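S.K.: Once you've had a glance at the structure underneath, I'll fire off some questions.
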Amino acid sequence: MSCAFSAVTMAQPNPLTTNRLSTYAIKLPPFLGSTRKLRPHSLSKSLPSPSKSLRSSTSSVSDVVKELKSNLLITKEEGLELYEDMILGRAFEDMCAQMYYRGKMFGFVHLYNGQEAVSTGFIKLLKKDDCVVSTYRDHVHALSKGVTARAVMSELFGKTTGCCRGQGGSMHMFDKEHNVLGGFAFIGEGIPVATGAAFTSLYKRNVLKEAGGNTVTLAFFGDGTCNNGQFYECLNMAALWKLPIVFVVENNLWAIGMSHLRATSDPEIWKKAPAFGMPGVHVDGMDVLKVREVAKESILRARRGEGPTLVECETYRFRGHSLADPDELRDPAEKAHYAKRDPIAAMKKYMIENKLVNESELKAIEKKIDEVVEDAVEFADESPLPPRSQLLGNVFADPKGFGIAPDGTYRCEDPKFTQGTAHV
Amino acid sequence: MATIIEGIGATTSSLNSDRFQLPSRRSFSERKGRFFSVRSEGKVIGGSRGGNVSPLVTNAVATKGDSSTASTSAKPGHEVLLFEALREGLDEEMMRDPTVCVMGEDVGHYGGSYKVTKGLAEKYGDLRVLDTPIAENSFTGMGIGAAMTGLRPVIEGMNMGFLLLAFNQISNNCGMLHYTSGGQFKIPVVIRGPGGVGRQLGAEHSQRLESYFQSIPGIQMVACSTPYNAKGLIKAAIRSENPVIFFEHVLLYNLKERIPDEEYVLSLEEAEMVRPGEHVTILTYSRMRYHVMQAAKTLVNKGYDPEVIDIRSLKPFDLYRIGNSVRKTHRVLIVEECMRTGGIGASLTAAITENFHDYLDAPIVCLSSQDVPTPYAGTLEEWTVVQPAQIVTAVEQLCASCHVDCIDYSKDYTWPNQNKKLLEVSSCNTDTVLFSTLLPNMDSFLSMQTDFSHESLVDCVFTLDMNLSECEPKADFKQNKLADFGTVAKLGTVNSKPSFNLNNENSSIAHACALDMSL
C-alpha cells in the first residue's frame with residue numbers, strides 16, 4: 001500500500017497559493033471544516049429558524065426591529081451617548097495604531113475598529129457594579145465601561161499611571177472601580193472568571209442576603225473561542241446554576257488567519273446555547289440599535305435571575321488581528337462589504353434621517369473626542385515610567401508570601417526589598 | 001585574619017566524661033559510627049543523647065492515639081484524624097467568615113471523596129459547598145473569578161493530579177492576576193487536594209504536582225503532614241490574601257492525633273522542627289516525614305543524632321530555620337516524594353547551596369522518588385518511593401564522610417581550660433585527616449595529609465589566641481606528629497609560641513585542636 005490517502009482529501013485549497021477570491025467563493029468543493037454555507041456575504045439579516053428546545057427559544061431580532069420601525073428605539077440623549085462612545089472607541093484605536101507605529105507602545109496590540117457596536121450596545125446598558133470580562137481586544141470594552149482614556153493610554157504606553165500601573169499592557173486591562181475584570185491573553189481564559197463573578201453575584205444574593213438585584217456579568221469573546229473547552233464548560237455551569245451572565249460572542253469570522261467556517265463543524269454559534277438549556281440569539285453586530293435591543297433583554301433576564309443568554313453578534317474587524325498582522329488573507333470584497341456597514345456611519349445615518357440630531361452636533365462630538373484622545377496621549381507621554389521599586393510590589397497581595405530570609409525576618413521587611421533585590 | 005577565638009568559658013566544667021567517648025584510632029571500616037564533637041558553646045554531645053529526645057513516630061499511618069509527636073500541644077485537646085482536622089479547620093473558617101465557600105467535585109452531598117467536607121453541605125447549603133461538574137479548568141477559573149469579586153473560595157481537586165487540567169487557570173490567572181491588574185484584584189483562593197503515591201493507585205492518581213507548580217510566581221504552596229499542622233495550615237491558608245496551593249497526601253488522611261480545643265492558626269511560611277539533633281539535618285515534607293522518623297529511630301539506635309525538619313512551606317522555603325539547622329549540623333539530607341528532576345528537593349538544594357555553602361561539610365544529598373511513572377505493582381511502587389532503609393544508608397554515608405577516623409592524640413595533648421575554638425578532627429579515610437570546624441564564623445575546610453607536611457598547610461594562616469600559647473605538646477608527639485603541628489602552629493601565629501598544650505581535666509578530648517584556620 002503505497003498511498004492510502006486519495007487525492008480528494010488534499011483538495012483543500014491552500015489560501016497562500018490559490019486565488020483569494022476563489023478561496024472565499026461558496027462553490028468550492030467541501031473542505032475540512034464546515035460543509036454548510038453559513039454566511040453568503042449578501043445575507044445581512046439574521047437566521048430566524050427557531051430552536052427545538054423545550055425550555056428556551058432562539059429568536060431573531062430583525063423581527064423585533066421591524067415591529068418597532070414606527071417608534072424610534074432611542075431618545076436623542078441616548079443616541080448621542082451611543083454615538084460618542086463609538087466615536088471614542090474608533091478614535092482611540094486609530095490613535096493606538098499611530099502610536100504603535102511611532103514606537104510608543106510595543107508587543108501585541110489588538111484593535112477593535114468595526115466592532116464598536118457590540119461594545120457600545122451592551123456595555124452602555126450596564127450599571128457601575130456590573131462586571132465586564134473581555135479578551136485581548138479589550139481597549140474599547142474598558143473605555144465603554146468607564147475607564148478613562150488617559151488610564152488606558154498610559155497603560156498601553158507602559159507608564160505607572162496606567163490602569164494596571166503599566167504591569168498589564170494592551171491585553172490586560174483591569175479596573176476595580178469600574179469592574180473591568182480583564183483583559184486575558186489566552187482565549188477562553190476569561191470565561192470561567194466571568195462565570196465566577198456571576199457566581200459571586202448569586203452568592204451575595206442567596207447566601208449573604210444582600211439586597212438589590214443581581215449584578216450582571218458580560219463575557220465577551222470571539223468565534224475562535226467557541227471551539228474551546230472552557231466555553232462549553234462554562235455554558236454548562238452557567239445554565240445549571242442560572243448565573244446572571246450574558247455570553248457575548250463577537251463573531252468576526254476570523255481567528256487571526258483561521259476562517260470560522262474552516263474551524264467549526266457547525267458555524268452557527270447561537271445554536272449551541274439551546275443544547276445547554278439557555279436561549280441563543282443571533283444579532284447583526286454592525287447595527288448598534290439591534291445589539292442594544294438584544295442586550296436589554298438578555299441583561300434583564302440575567303438581572304431577574306432567569307439565567308444566562310448566549311448572544312452571537314455578527315461583526316467584523318476592519319483591521320488585522322493585531323498590528324503585527326499584515327491582513328493579507330481576507331478577501332477585499334468581504335472587507336468592502338462590511339466597510340459599507342460601518343456601525344458609526346449607520347448610526348449617524350439613522351439619527352440624521354430620524355431628525356434626532358443635526359450634523360453640527362455630531363461634529364461637535366467628534367471634535368470633543370479628538371481632544372480627549374489627544375489629551376490622553378499627552379498625559380501618557382508625560383507620565384513617568386514605573387520605577388524599579390515597583391517590580392516586586394504586586395506579586396503577592398500579602399508580601400509575606402516571599403518568605404523568610406536566612407536571617408529570620410520576612411523578606412518583605414528587608415529595606416532593600418523594594419529595589420527588587422530580594423530573592424524569591 | 002586574626003580572629004579571636006571564642007571562649008567556652010566555664011563550660012569546660014560541664015564536660016561530662018561519661019557523656020562521650022573518644023574515637024580510637026581505627027580504620028574506617030571498623031568504625032561503628034560513633035563520633036563526637038565538642039562545640040564552642042560547650043555542649044558536649046556524645047553518640048547517644050540524653051533525655052531530651054522527642055519520641056519518634058514510627059509509622060506512616062499511625063492509628064494509636066498515644067503516639068505523640070513533637071507537634072502535639074501540651075494541653076489536653078481532642079483526638080482527631082487528619083481529614084477531620086481539615087474539616088474542623090474548614091468549618092471554623094466558614095463559620096467565621098461567610099464569604100468562605102468550598103467548590104469541587106463531590107464535596108457537597110457526597111461529603112468529599114476523602115470525607116474532608118462531610119456534613120458541611122447540610123450545614124451551610126448547596127451554594128456554599130458547591131458540587132461542580134467535572135470541569136477542573138473552568139471551576140478553578142470560576143473560583144478565581146469569585147475571589148476577584150469578593151469571595152474566598154476553597155477549590156478542591158479530587159486528586160491533585162486532576163489539577164493538571166486546571167493548570168491554565170492556576171498559572172495564568174491565579175498566580176498572575178494580582179500582578180497584571182497592578183494590585184487591584186486579590187485572589188484569596190485555596191486550592192487543595194490529595195496527591196502523592198498511595199497504595200497501588202496507578203500512575204495518574206499518584207502524581208506529585210509540587211514540582212510543576214513551584215515556579216508559578218504569585219502563589220504559595222504548603223504541605224501538611226499531621227492533624228495539628230493540617231488544621232492550622234488550612235486556617236492560615238484560608239485567611240491569607242494570597243493564593244495558596246495546599247498539598248495533602250492520600251495516605252495520611254487517617255493519622256490520629258490529639259489537637260488543641262482552642263483555635264490556633266499556624267504560619268504559612270514557617271518550617272517545623274520535628275526532632276532536634278546535631279549530626280545531620282534531614283529536610284522533608286508530607287508523607288516522607290514518617291519514613292524519615294522511622295529511619296531516625298534506627299539511626300538513633302546506631303548512634304546518630306539526626307535533626308528532622310518538616311519544611312511545610314514548599315514555596316517559599318523557610319531559609320531561617322533551615323539555615324540555623326545547617327549551621328548547626330553542616331550536613332543536609334533532603335528526603336522527598338517528588339520526582340528527582342526539577343522537584344522540590346532540587347530547588348531546596350540550590351537554595352541551601354546558594355545561601356549556606358560555607359557551612360556545608362559535604363554535598364547535599366537529595367533522596368527523591370525515581371523519575372518513573374508510578375507503577376501499579378506493589379513491589380515496583382515501593383521501589384519508586386524513598387524507603388526508610390535508604391534514608392538510614394544515606395545518613396550513614398553522609399556522616400561517614402566527615403567522621404573522625406583520627407589519630408588518637410589523647411595521650412599527646414592535654415586540654416586548656418579556657419578560650420579556644422574547637423575543631424572536630426575528622427577523616428574520610430585513613431590517609432587523610434580533615435579538620436573541619438563546627439563554628440559559624442569559621443568557614444574553611446582543610447584537608448591535610450597525616451604527615452602534616454602537606455604543602456597546603458603552608459598557605460594557611462593560623463591564629464591562636466593567647467591562651468593557646470599555654471599549650472604544650474607532650475614530648476613524644478613532638479617527635480613525629482607534633483613537629484609538623486609545631487610547624488603548622490608556627491606559621492602565621494601572632495601571639496603564641498609554637499608549642500601548645502591542651503589541658504583538660506579529661507584528657508580524652510585530646511584530638512580536638514584549637515585552630516582558627518582561614519584559607
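Following the order of the C-alpha cells, chains are lettered A, B, ..., residues in each are numbered from 1, and ligands are numbered from 1.
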Would you kindly return, as a PDB file with N, CA and C atoms, in the first residue's frame, each protein, DNA or RNA residue with an atom no farther than 10 Å from any atom of B:Lys115, considering only C-alpha atoms and excluding same-chain residues fewer than 3 positions away?
M.R.:
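Saved file result20.pdb follows:
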ATOM      1  N   PHE B  83      -8.220  13.982  58.308  1.00  0.00           N
ATOM      2  CA  PHE B  83      -9.273  14.577  57.473  1.00  0.00           C
ATOM      3  C   PHE B  83     -10.295  15.292  58.334  1.00  0.00           C
ATOM      4  N   GLU B  84     -10.477  14.811  59.560  1.00  0.00           N
ATOM      5  CA  GLU B  84     -11.383  15.518  60.471  1.00  0.00           C
ATOM      6  C   GLU B  84     -10.784  16.851  60.902  1.00  0.00           C
ATOM      7  N   LEU B  86      -8.880  18.688  59.066  1.00  0.00           N
ATOM      8  CA  LEU B  86      -9.107  19.590  57.938  1.00  0.00           C
ATOM      9  C   LEU B  86     -10.541  20.084  57.940  1.00  0.00           C
ATOM     10  N   ARG B  87     -11.451  19.169  58.227  1.00  0.00           N
ATOM     11  CA  ARG B  87     -12.853  19.565  58.220  1.00  0.00           C
ATOM     12  C   ARG B  87     -13.129  20.583  59.315  1.00  0.00           C
ATOM     13  N   ASP B 106     -17.968  16.534  44.043  1.00  0.00           N
ATOM     14  CA  ASP B 106     -18.423  15.662  45.129  1.00  0.00           C
ATOM     15  C   ASP B 106     -18.083  16.177  46.521  1.00  0.00           C
ATOM     16  N   VAL B 107     -18.002  17.468  46.669  1.00  0.00           N
ATOM     17  CA  VAL B 107     -17.715  17.976  48.016  1.00  0.00           C
ATOM     18  C   VAL B 107     -18.991  18.146  48.824  1.00  0.00           C
ATOM     19  N   TYR B 110     -21.955  14.290  48.564  1.00  0.00           N
ATOM     20  CA  TYR B 110     -21.162  13.086  48.783  1.00  0.00           C
ATOM     21  C   TYR B 110     -20.256  13.231  50.001  1.00  0.00           C
ATOM     22  N   GLY B 111     -19.994  14.454  50.381  1.00  0.00           N
ATOM     23  CA  GLY B 111     -19.159  14.661  51.551  1.00  0.00           C
ATOM     24  C   GLY B 111     -17.678  14.676  51.271  1.00  0.00           C
ATOM     25  N   GLY B 112     -17.327  14.691  50.014  1.00  0.00           N
ATOM     26  CA  GLY B 112     -15.901  14.697  49.710  1.00  0.00           C
ATOM     27  C   GLY B 112     -15.393  13.289  49.531  1.00  0.00           C
ATOM     28  N   LYS B 118     -17.352  16.329  54.714  1.00  0.00           N
ATOM     29  CA  LYS B 118     -18.585  15.643  55.100  1.00  0.00           C
ATOM     30  C   LYS B 118     -19.386  16.484  56.078  1.00  0.00           C
ATOM     31  N   GLY B 119     -20.668  16.596  55.816  1.00  0.00           N
ATOM     32  CA  GLY B 119     -21.527  17.325  56.742  1.00  0.00           C
ATOM     33  C   GLY B 119     -21.572  18.819  56.505  1.00  0.00           C
ATOM     34  N   TYR B 253      -4.486  10.623  55.522  1.00  0.00           N
ATOM     35  CA  TYR B 253      -5.784  11.092  55.992  1.00  0.00           C
ATOM     36  C   TYR B 253      -6.248  10.422  57.271  1.00  0.00           C
TER      37      TYR B 253
END
S.K.: If you count only C-alpha atoms, which residues fall within 10 Å of A:Ala142, apart from same-chain ones fewer than 6 positions away, as a ChimeraX atom specification?
M.R.: /A:89,119,123,132-134,148-149,151-152,163,173-175,178-183
S.K.: Using only C-alpha atoms, select each residue of chain A with any atom at most 8 Å away from an atom of chain B, and give the selection as a ChimeraX atom specification.
M.R.: /A:163-168,172-176,182,189-190,192-200,203,207-208,230,233-234,237,394-398,400-408,424
S.K.: Among stretch 123-175 of chain A, which residues does DSSP mark as helix (DSSP H, G or I) when it is run on the backbone? Keep the chain and numbering as in the structure and answer as a VMD selection string.
M.R.: chain A and resid 123 139 to 145 149 to 157
S.K.: Could the residues in this selection be saved with C-alpha atoms as a tab-separated table (two decimals), in the first residue's frame?
M.R.:
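Once everything was written out, this is selection-v1.tsv:
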chain	number	residue	atom	x	y	z
A	123	ILE	CA	-21.88	47.99	27.97
A	139	HIS	CA	-9.37	48.61	24.97
A	140	VAL	CA	-12.83	49.61	23.87
A	141	HIS	CA	-14.60	47.42	26.42
A	142	ALA	CA	-12.67	49.21	29.12
A	143	LEU	CA	-13.47	52.61	27.61
A	144	SER	CA	-17.16	51.82	27.27
A	145	LYS	CA	-17.32	50.65	30.84
A	149	ALA	CA	-8.93	57.25	28.05
A	150	ARG	CA	-5.97	58.58	29.97
A	151	ALA	CA	-5.70	55.47	32.10
A	152	VAL	CA	-5.96	53.15	29.11
A	153	MET	CA	-3.48	55.06	27.02
A	154	SER	CA	-0.96	55.23	29.86
A	155	GLU	CA	-1.33	51.52	30.35
A	156	LEU	CA	-0.59	50.98	26.68
A	157	PHE	CA	2.47	53.15	26.93
S.K.: Provide the atom CA of A:Phe318 to atom CA of A:Gly114 distance in Å, to one decimal place.
M.R.: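 The value is 5.4 Å.
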S.K.: Show which residues sit within 7 Å of A:Leu310, as an MDAnalysis selection string. Count only C-alpha atoms, and ignore same-chain residues fewer than 2 positions away.
M.R.: chainID A and resid 246:248 270 273 279:281 308 312
